[in-house]
>>> print(open('entry_32.tsv').read())   # TSV, C-alpha atoms and all ligand atoms
chain	number	residue	atom	x	y	z
A	409	MET	CA	49.48	99.46	37.87
A	410	VAL	CA	52.33	99.39	35.41
A	411	HIS	CA	53.57	96.24	33.76
A	412	ALA	CA	56.33	95.06	36.10
A	413	ALA	CA	58.37	93.35	33.43
A	414	ALA	CA	58.18	96.37	31.16
A	415	VAL	CA	60.20	98.57	33.52
A	416	PRO	CA	63.40	99.16	31.53
A	417	TYR	CA	66.09	98.18	33.98
A	418	ASN	CA	69.41	96.95	32.69
A	419	ASN	CA	70.68	96.22	36.13
A	420	VAL	CA	68.78	93.07	36.99
A	421	VAL	CA	68.88	92.46	40.72
A	422	SER	CA	66.53	89.56	41.12
A	423	GLU	CA	66.40	86.13	39.62
A	424	TYR	CA	62.62	86.48	39.61
A	425	GLN	CA	62.46	89.55	37.42
A	426	GLY	CA	60.37	89.01	34.34
A	427	GLN	CA	59.41	85.46	35.19
A	428	HIS	CA	55.80	86.32	35.83
A	429	PRO	CA	54.85	89.07	33.41
A	430	CYS	CA	51.39	90.59	33.85
A	431	ASP	CA	49.12	90.00	30.88
A	432	ASN	CA	46.42	92.38	31.89
A	433	PRO	CA	47.59	94.71	34.68
A	434	ILE	CA	44.86	96.56	36.56
A	435	GLN	CA	44.68	100.33	36.21
A	436	ARG	CA	43.57	102.23	39.30
A	437	ARG	CA	42.29	105.72	38.73
A	438	GLU	CA	42.15	108.71	41.03
A	439	TRP	CA	38.60	109.27	42.32
A	440	ARG	CA	38.01	112.50	40.38
A	441	ALA	CA	39.07	110.85	37.11
A	442	LEU	CA	35.89	108.75	37.24
A	443	SER	CA	32.67	109.88	35.58
A	444	ASP	CA	29.68	110.47	37.85
A	445	ASP	CA	28.18	107.22	36.60
A	446	GLU	CA	31.35	105.32	37.47
A	447	LYS	CA	31.45	106.92	40.91
A	448	GLY	CA	27.85	105.83	41.43
A	449	GLU	CA	28.71	102.30	40.35
A	450	TYR	CA	31.61	102.17	42.79
A	451	ILE	CA	29.45	103.35	45.71
A	452	ASP	CA	26.74	100.87	44.69
A	453	ALA	CA	29.34	98.11	44.74
A	454	VAL	CA	30.34	99.07	48.31
A	455	LYS	CA	26.67	99.03	49.33
A	456	CYS	CA	26.31	95.65	47.67
A	457	LEU	CA	29.15	94.28	49.82
A	458	GLN	CA	27.45	95.82	52.85
A	459	SER	CA	24.19	94.02	52.02
A	460	LYS	CA	25.53	90.57	51.08
A	461	ALA	CA	25.69	87.81	53.66
A	462	PRO	CA	29.19	86.92	54.86
A	463	TYR	CA	30.92	83.82	53.52
A	464	ASN	CA	32.51	82.94	56.82
A	465	THR	CA	29.80	82.39	59.39
A	466	THR	CA	32.23	81.66	62.23
A	467	ILE	CA	32.77	85.38	62.73
A	468	LYS	CA	29.38	86.04	64.25
A	469	ALA	CA	29.65	89.79	64.59
A	470	ALA	CA	30.36	90.19	60.87
A	471	LYS	CA	26.96	90.55	59.27
A	472	SER	CA	28.00	91.38	55.71
A	473	ARG	CA	30.80	90.80	53.23
A	474	PHE	CA	31.97	94.33	54.03
A	475	ASP	CA	32.09	93.50	57.76
A	476	GLU	CA	34.10	90.43	56.91
A	477	PHE	CA	36.89	92.50	55.41
A	478	GLN	CA	36.82	94.69	58.49
A	479	SER	CA	36.79	91.77	60.92
A	480	PHE	CA	39.66	90.08	59.12
A	481	ARG	CA	41.66	93.24	59.48
A	482	ILE	CA	40.74	93.68	63.14
A	483	THR	CA	41.94	90.21	64.03
A	484	ILE	CA	45.27	90.70	62.30
A	485	ALA	CA	45.81	94.45	62.92
A	486	ASP	CA	48.45	94.06	65.60
A	487	ASP	CA	50.62	92.01	63.26
A	488	VAL	CA	50.53	94.24	60.21
A	489	HIS	CA	51.49	97.69	61.49
A	490	PHE	CA	54.93	99.08	62.30
A	491	VAL	CA	56.50	95.99	60.78
A	492	GLY	CA	58.24	95.07	57.55
A	493	GLN	CA	55.13	93.37	56.14
A	494	PHE	CA	52.93	96.50	56.51
A	495	LEU	CA	53.05	97.43	52.81
A	496	PRO	CA	52.97	93.92	51.30
A	497	TRP	CA	50.11	92.82	53.60
A	498	HIS	CA	48.03	95.86	52.71
A	499	ARG	CA	48.78	95.38	49.01
A	500	LEU	CA	47.21	91.93	49.22
A	501	PHE	CA	44.34	93.17	51.40
A	502	VAL	CA	43.27	95.99	49.08
A	503	ARG	CA	43.74	93.66	46.12
A	504	ASN	CA	41.29	91.18	47.64
A	505	TYR	CA	38.79	93.95	48.31
A	506	GLU	CA	39.36	95.12	44.78
A	507	LYS	CA	38.45	91.70	43.47
A	508	ALA	CA	35.22	91.95	45.44
A	509	LEU	CA	34.39	95.26	43.80
A	510	ARG	CA	36.47	97.61	41.68
A	511	ASP	CA	39.05	99.76	43.42
A	512	GLU	CA	40.35	103.20	42.68
A	513	TYR	CA	42.49	105.50	44.79
A	514	TRP	CA	42.27	108.87	46.54
A	515	ASP	CA	45.18	111.21	45.90
A	516	TRP	CA	44.74	113.38	49.00
A	517	THR	CA	47.63	115.66	47.96
A	518	LEU	CA	45.01	117.28	45.70
A	519	ASP	CA	42.98	118.20	48.81
A	520	SER	CA	45.70	119.20	51.26
A	521	LYS	CA	46.38	122.83	50.40
A	522	THR	CA	43.80	124.40	52.72
A	523	PRO	CA	41.23	123.13	55.25
A	524	GLU	CA	38.50	124.18	52.79
A	525	ASP	CA	40.09	122.15	50.01
A	526	TYR	CA	39.99	119.11	52.24
A	527	ILE	CA	36.40	119.56	53.41
A	528	ASN	CA	35.22	120.25	49.85
A	529	SER	CA	37.09	117.35	48.27
A	530	PRO	CA	35.08	115.45	45.63
A	531	VAL	CA	35.54	112.28	47.69
A	532	TRP	CA	33.22	113.74	50.37
A	533	ASP	CA	30.48	114.68	47.94
A	534	PRO	CA	27.12	113.32	49.19
A	535	ILE	CA	26.02	112.31	45.68
A	536	THR	CA	29.19	111.41	43.77
A	537	GLY	CA	31.40	110.56	46.74
A	538	PHE	CA	31.49	108.95	50.18
A	539	GLY	CA	29.50	111.61	52.03
A	540	PRO	CA	30.69	114.40	54.37
A	541	ASN	CA	32.06	114.95	57.85
A	542	GLY	CA	30.26	113.68	60.95
A	543	VAL	CA	27.59	115.84	62.59
A	544	PRO	CA	28.69	117.02	66.07
A	545	GLY	CA	26.82	115.57	69.02
A	546	THR	CA	25.28	112.61	67.19
A	547	TYR	CA	27.60	109.91	68.48
A	548	THR	CA	28.83	108.98	71.94
A	549	LEU	CA	31.68	106.59	72.51
A	550	PRO	CA	31.10	103.59	74.79
A	551	PRO	CA	31.58	104.80	78.38
A	552	PHE	CA	34.84	103.04	79.08
A	553	THR	CA	36.64	104.34	76.02
A	554	ASN	CA	38.58	107.51	75.76
A	555	ASP	CA	39.73	109.14	72.57
A	556	SER	CA	41.02	112.28	74.18
A	557	ARG	CA	44.60	111.18	74.49
A	558	ILE	CA	45.56	111.92	70.94
A	559	PHE	CA	42.79	113.34	68.77
A	560	PRO	CA	39.86	114.62	70.82
A	561	ASP	CA	37.69	115.47	67.81
A	562	ALA	CA	38.07	112.19	65.96
A	563	PHE	CA	34.69	110.86	67.08
A	564	ARG	CA	32.85	114.04	66.19
A	565	GLY	CA	29.61	112.45	65.02
A	566	CYS	CA	27.61	110.35	62.59
A	567	VAL	CA	27.82	110.85	58.84
A	568	GLN	CA	24.23	111.91	58.10
A	569	ASP	CA	24.37	112.64	54.39
A	570	GLY	CA	25.49	110.65	51.38
A	571	PRO	CA	25.39	106.94	50.54
A	572	PHE	CA	26.37	105.67	54.02
A	573	ALA	CA	24.12	107.97	56.07
A	574	ASN	CA	21.86	105.13	57.16
A	575	TYR	CA	24.42	102.37	57.31
A	576	THR	CA	24.86	100.60	60.63
A	577	LEU	CA	28.32	99.27	61.37
A	578	SER	CA	28.44	96.05	63.36
A	579	LEU	CA	32.09	96.21	64.41
A	580	GLY	CA	34.12	98.83	66.23
A	581	PRO	CA	35.07	101.30	67.46
A	582	GLY	CA	38.48	99.86	68.10
A	583	LYS	CA	38.21	96.14	68.68
A	584	LEU	CA	34.82	96.46	70.31
A	585	VAL	CA	31.67	95.01	68.83
A	586	THR	CA	28.96	97.66	68.83
A	587	GLU	CA	26.27	98.67	66.40
A	588	HIS	CA	26.85	102.27	65.47
A	589	CYS	CA	26.68	104.79	62.66
A	590	LEU	CA	29.64	105.56	60.42
A	591	VAL	CA	31.56	108.13	62.48
A	592	ARG	CA	33.88	110.79	61.09
A	593	GLY	CA	35.69	113.77	62.54
A	594	PHE	CA	37.82	115.54	59.96
A	595	ASN	CA	41.17	116.82	61.12
A	596	THR	CA	42.13	119.46	58.58
A	597	THR	CA	45.30	120.31	60.48
A	598	ALA	CA	46.51	116.77	59.85
A	599	ALA	CA	45.36	116.94	56.23
A	600	THR	CA	47.20	120.16	55.42
A	601	ARG	CA	50.28	119.11	57.32
A	602	TYR	CA	50.79	115.47	56.42
A	603	LEU	CA	49.06	114.89	53.09
A	604	THR	CA	51.06	117.33	51.01
A	605	PRO	CA	53.08	116.72	47.83
A	606	GLU	CA	56.19	117.61	49.87
A	607	GLN	CA	55.45	114.80	52.33
A	608	VAL	CA	55.05	112.36	49.46
A	609	ALA	CA	58.35	113.59	47.97
A	610	ASN	CA	60.03	113.11	51.36
A	611	THR	CA	58.76	109.55	51.30
A	612	THR	CA	59.70	108.58	47.76
A	613	LYS	CA	63.20	110.08	48.03
A	614	GLN	CA	64.16	107.52	50.68
A	615	GLU	CA	66.89	105.22	49.44
A	616	THR	CA	66.20	102.01	51.28
A	617	PHE	CA	62.98	100.12	51.92
A	618	GLU	CA	63.66	100.41	55.64
A	619	THR	CA	63.68	104.22	55.69
A	620	PHE	CA	60.94	104.34	53.05
A	621	ARG	CA	58.45	102.17	54.93
A	622	ILE	CA	59.00	104.09	58.18
A	623	GLU	CA	58.75	107.48	56.47
A	624	LEU	CA	55.52	106.32	54.85
A	625	GLU	CA	53.82	104.61	57.79
A	626	GLY	CA	54.69	106.82	60.76
A	627	GLY	CA	52.91	105.87	63.97
A	628	ASP	CA	55.12	105.20	66.95
A	629	GLN	CA	58.07	104.63	64.64
A	630	THR	CA	58.49	108.35	64.02
A	631	PRO	CA	58.28	111.44	66.25
A	632	ASP	CA	55.76	113.08	63.91
A	633	ARG	CA	52.86	111.77	61.81
A	634	LYS	CA	53.44	110.65	58.23
A	635	ILE	CA	51.29	110.17	55.13
A	636	HIS	CA	49.83	106.86	56.31
A	637	ASP	CA	48.67	107.79	59.78
A	638	GLY	CA	48.11	111.39	58.65
A	639	GLY	CA	45.58	110.09	56.12
A	640	HIS	CA	43.69	108.11	58.74
A	641	ILE	CA	43.74	110.96	61.24
A	642	SER	CA	42.47	113.43	58.65
A	643	VAL	CA	39.29	111.35	58.23
A	644	GLY	CA	38.88	110.54	61.92
A	645	GLY	CA	36.28	108.30	63.56
A	646	ASP	CA	35.89	104.91	61.94
A	647	GLY	CA	38.49	106.02	59.41
A	648	SER	CA	41.12	106.62	62.06
A	649	ASN	CA	40.31	104.89	65.27
A	650	PHE	CA	43.38	105.93	67.09
A	651	LEU	CA	41.28	105.16	70.07
A	652	GLU	CA	42.45	104.47	73.54
A	653	ILE	CA	40.26	101.79	74.99
A	654	ARG	CA	40.18	101.13	78.67
A	655	VAL	CA	38.63	97.73	79.05
A	656	LEU	CA	38.93	97.69	82.82
A	657	GLY	CA	37.72	94.20	83.47
A	658	VAL	CA	34.61	94.27	81.32
A	659	SER	CA	35.98	92.09	78.53
A	660	SER	CA	33.18	89.54	79.02
A	661	PHE	CA	30.70	92.29	78.19
A	662	TYR	CA	31.48	91.87	74.53
A	663	PRO	CA	31.05	88.34	73.27
A	664	GLN	CA	33.31	88.54	70.25
A	665	PRO	CA	36.99	87.70	70.01
A	666	PHE	CA	38.05	91.06	68.62
A	667	LEU	CA	38.28	92.69	71.97
A	668	SER	CA	41.70	93.56	73.22
A	669	THR	CA	42.10	92.57	76.84
A	670	SER	CA	44.86	95.03	77.59
A	671	ASP	CA	44.00	97.76	80.03
A	672	LEU	CA	45.49	100.61	78.05
A	673	ASN	CA	45.48	99.95	74.39
A	674	LEU	CA	46.10	102.34	71.57
A	675	ASN	CA	43.54	100.69	69.41
A	676	ILE	CA	44.25	101.00	65.74
A	677	ALA	CA	42.17	98.12	64.48
A	678	PRO	CA	39.14	98.89	62.37
A	679	TYR	CA	39.69	101.87	60.18
A	680	ALA	CA	38.62	99.53	57.42
A	681	ALA	CA	35.17	100.44	58.76
A	682	ASP	CA	35.00	103.55	56.57
A	683	PRO	CA	34.77	102.71	52.86
A	684	ILE	CA	37.27	105.53	52.17
A	685	PHE	CA	39.87	103.38	53.98
A	686	TYR	CA	40.42	101.35	50.84
A	687	LEU	CA	41.04	104.40	48.65
A	688	HIS	CA	43.59	105.70	51.15
A	689	HIS	CA	45.43	102.40	51.18
A	690	THR	CA	45.34	101.98	47.40
A	691	ASN	CA	46.97	105.42	47.23
A	692	LEU	CA	49.70	104.30	49.64
A	693	ASP	CA	50.10	101.19	47.53
A	694	ARG	CA	50.45	103.40	44.46
A	695	ILE	CA	53.16	105.45	46.21
A	696	TRP	CA	55.00	102.26	47.09
A	697	TRP	CA	54.75	101.22	43.43
A	698	ILE	CA	56.12	104.60	42.32
A	699	TRP	CA	59.03	104.12	44.72
A	700	GLN	CA	59.55	100.54	43.56
A	701	ASN	CA	60.00	101.81	40.02
A	702	LEU	CA	62.59	104.44	40.91
A	703	SER	CA	65.44	101.97	41.12
A	704	PRO	CA	66.06	98.32	40.25
A	705	SER	CA	66.99	97.61	43.85
A	706	HIS	CA	63.68	99.06	45.11
A	707	LEU	CA	61.56	96.67	43.13
A	708	TYR	CA	62.34	93.56	45.15
A	709	GLU	CA	63.40	95.05	48.46
A	710	ILE	CA	61.59	94.51	51.73
A	711	SER	CA	62.77	94.73	55.33
A	712	GLY	CA	61.68	95.32	58.90
A	713	SER	CA	60.71	93.27	61.90
A	714	SER	CA	57.84	90.81	61.53
A	715	SER	CA	56.41	91.64	64.96
A	716	VAL	CA	55.70	94.84	66.90
A	717	THR	CA	55.63	93.19	70.29
A	718	ASN	CA	58.29	90.50	70.01
A	719	PRO	CA	61.79	92.00	69.74
A	720	THR	CA	63.32	88.63	68.88
A	721	ALA	CA	60.96	87.99	65.95
A	722	PRO	CA	62.77	87.53	62.63
A	723	ASN	CA	63.13	90.36	60.15
A	724	VAL	CA	61.45	90.08	56.78
A	725	HIS	CA	64.74	90.45	54.92
A	726	TRP	CA	63.94	88.60	51.77
A	727	THR	CA	63.54	89.33	48.11
A	728	LEU	CA	60.05	89.92	46.80
A	729	ARG	CA	58.97	87.54	44.09
A	730	PHE	CA	56.91	88.73	41.18
B	801	CU	CU	46.26	102.27	57.38
>>> encode(input="entry_32.tsv", output="structure tokens")
Amino acid sequence: MVHAAAVPYNNVVSEYQGQHPCDNPIQRREWRALSDDEKGEYIDAVKCLQSKAPYNTTIKAAKSRFDEFQSFRITIADDVHFVGQFLPWHRLFVRNYEKALRDEYWDWTLDSKTPEDYINSPVWDPITGFGPNGVPGTYTLPPFTNDSRIFPDAFRGCVQDGPFANYTLSLGPGKLVTEHCLVRGFNTTAATRYLTPEQVANTTKQETFETFRIELEGGDQTPDRKIHDGGHISVGGDGSNFLEIRVLGVSSFYPQPFLSTSDLNLNIAPYAADPIFYLHHTNLDRIWWIWQNLSPSHLYEISGSSSVTNPTAPNVHWTLRF
């Protein structure tokens, strides 16, 4: 990231500007800018998190440090989407993950030209990336769930090649607690439609934080998908989890507190289950940072409701402090 205080703005809009200069700002690189050795080290670091015991033993279903990140996100998911704090919360979240290993980003605009470009992206390489698409017919959703409402192919199958081929997830899909393989179901239509340079340009040209955050995040806030949800949908499975879960009175079946008890729930919780999640969100964070640097007013601006479900919740209309 760029040195915040070094941005040459004459028009100071915040009393906080320049008060906390960064001595040693982190530099995130796009995945294909890494050497093969560095890619291997990154993947090894993810596997290390997946093998280390969790710090917080009160979350029983979380069996590793990696699960812990996922479980934290599951428990808070309903409060950090379609709200003003979506971008700031995720900036902190990916930063914490980054402290646990070393983070980079995935610029999916480089893979969005054709379906083949997406499928053959270096990020899906089995040796120097995160492994490929799921294999059809190797995964079955729990019987009372239904992913057909929005993206029928999202839970295509288990990832059976690459560094996470034999990894067993303890959490998900949705807010359920089930042991399962890492599931993917690429959606190249979403990739070529929503992850384009034009879509990014449409996002960064927005003049206020309010229109910017909505144009970036999409979901139920917009009639069509945007770069945020488009990125999740393009990966599918544990990377998307736009999963409709019908609990239908079996909530006691799962002993963990992550389960939503609503009958019909568009369950967006655990896409932090796929390690690529973090590279998608660091890219969104990068796009927010690009937008922040386009104007002095952008740098400190934030807005939006603080709750999806409570219409009387306060807005987050305050000035960001650096
Ligand atoms: Cu997301």
>>> residues_near_ligand(input="entry_32.tsv", ligand="ligand CU 801 (chain B)", cutoff="7 Å", atoms="all atoms listed in the file", output="MDAnalysis selection string")
chainID A and resid 636:637 640 689
>>> residues_around(input="entry_32.tsv", residues="Val488 of chain A", least_positions_apart="2", cutoff="9 Å", atoms="all atoms listed in the file", output="list of chain:residue names")
A:Arg481, A:Ile484, A:Ala485, A:Asp486, A:Phe490, A:Val491, A:Gly492, A:Gln493, A:Phe494, A:Leu495, A:Trp497, A:His498, A:Ser714, A:Ser715, A:Val716
>>> atom_distance(input="entry_32.tsv", atom1="atom CA of Ala681 of chain A", atom2="atom CA of Thr630 of chain A")
25.2 Å
>>> atom_distance(input="entry_32.tsv", atom1="atom CA of Lys613 of chain A", atom2="atom CA of Ser711 of chain A")
17.0 Å
>>> residues_near_point(input="entry_32.tsv", point="(32.3, 113.3, 61.2)", cutoff="8 Å", atoms="all atoms listed in the file", output="ChimeraX atom specification")
/A:540-544,562-567,591-594,643-645
>>> residues_around(input="entry_32.tsv", residues="segment 504-506 of chain A", least_positions_apart="2", cutoff="12 Å", atoms="only C-alpha atoms", output="short mmCIF file (atom, residue, chain, number, x, y, z; two decimals) with C-alpha atoms, keeping the file's coordinate frame")
data_model
loop_
_atom_site.label_atom_id
_atom_site.label_comp_id
_atom_site.auth_asym_id
_atom_site.auth_seq_id
_atom_site.Cartn_x
_atom_site.Cartn_y
_atom_site.Cartn_z
CA ILE A 434 44.86 96.56 36.56
CA GLN A 435 44.68 100.33 36.21
CA ARG A 436 43.57 102.23 39.30
CA TYR A 450 31.61 102.17 42.79
CA ALA A 453 29.34 98.11 44.74
CA VAL A 454 30.34 99.07 48.31
CA LEU A 457 29.15 94.28 49.82
CA ARG A 473 30.80 90.80 53.23
CA PHE A 474 31.97 94.33 54.03
CA ASP A 475 32.09 93.50 57.76
CA GLU A 476 34.10 90.43 56.91
CA PHE A 477 36.89 92.50 55.41
CA GLN A 478 36.82 94.69 58.49
CA PHE A 480 39.66 90.08 59.12
CA ARG A 481 41.66 93.24 59.48
CA TRP A 497 50.11 92.82 53.60
CA HIS A 498 48.03 95.86 52.71
CA ARG A 499 48.78 95.38 49.01
CA LEU A 500 47.21 91.93 49.22
CA PHE A 501 44.34 93.17 51.40
CA VAL A 502 43.27 95.99 49.08
CA ALA A 508 35.22 91.95 45.44
CA LEU A 509 34.39 95.26 43.80
CA ARG A 510 36.47 97.61 41.68
CA ASP A 511 39.05 99.76 43.42
CA GLU A 512 40.35 103.20 42.68
CA TYR A 513 42.49 105.50 44.79
CA ALA A 680 38.62 99.53 57.42
CA PRO A 683 34.77 102.71 52.86
CA PHE A 685 39.87 103.38 53.98
CA TYR A 686 40.42 101.35 50.84
CA LEU A 687 41.04 104.40 48.65
CA HIS A 689 45.43 102.40 51.18
CA THR A 690 45.34 101.98 47.40
#
>>> residues_around(input="entry_32.tsv", residues="Ile695 of chain A", least_positions_apart="2", cutoff="10 Å", atoms="all atoms listed in the file", output="list in words")
Asp515, Val608, Ala609, Thr611, Thr612, Leu624, His689, Thr690, Asn691, Leu692, Asp693, Trp697, Ile698, Trp699, Gln700 and Asn701 of chain A
>>> write_last_selection(input="entry_32.tsv", atoms="C-alpha atoms", output="mmCIF file, keeping the file's coordinate frame")
data_model
loop_
_atom_site.group_PDB
_atom_site.id
_atom_site.type_symbol
_atom_site.label_atom_id
_atom_site.label_comp_id
_atom_site.auth_asym_id
_atom_site.auth_seq_id
_atom_site.Cartn_x
_atom_site.Cartn_y
_atom_site.Cartn_z
ATOM 1 C CA ASP A 515 45.180 111.210 45.900
ATOM 2 C CA VAL A 608 55.050 112.360 49.460
ATOM 3 C CA ALA A 609 58.350 113.590 47.970
ATOM 4 C CA THR A 611 58.760 109.550 51.300
ATOM 5 C CA THR A 612 59.700 108.580 47.760
ATOM 6 C CA LEU A 624 55.520 106.320 54.850
ATOM 7 C CA HIS A 689 45.430 102.400 51.180
ATOM 8 C CA THR A 690 45.340 101.980 47.400
ATOM 9 C CA ASN A 691 46.970 105.420 47.230
ATOM 10 C CA LEU A 692 49.700 104.300 49.640
ATOM 11 C CA ASP A 693 50.100 101.190 47.530
ATOM 12 C CA TRP A 697 54.750 101.220 43.430
ATOM 13 C CA ILE A 698 56.120 104.600 42.320
ATOM 14 C CA TRP A 699 59.030 104.120 44.720
ATOM 15 C CA GLN A 700 59.550 100.540 43.560
ATOM 16 C CA ASN A 701 60.000 101.810 40.020
#
>>> atom_distance(input="entry_32.tsv", atom1="atom CA of Trp532 of chain A", atom2="atom CA of Phe572 of chain A")
11.2 Å
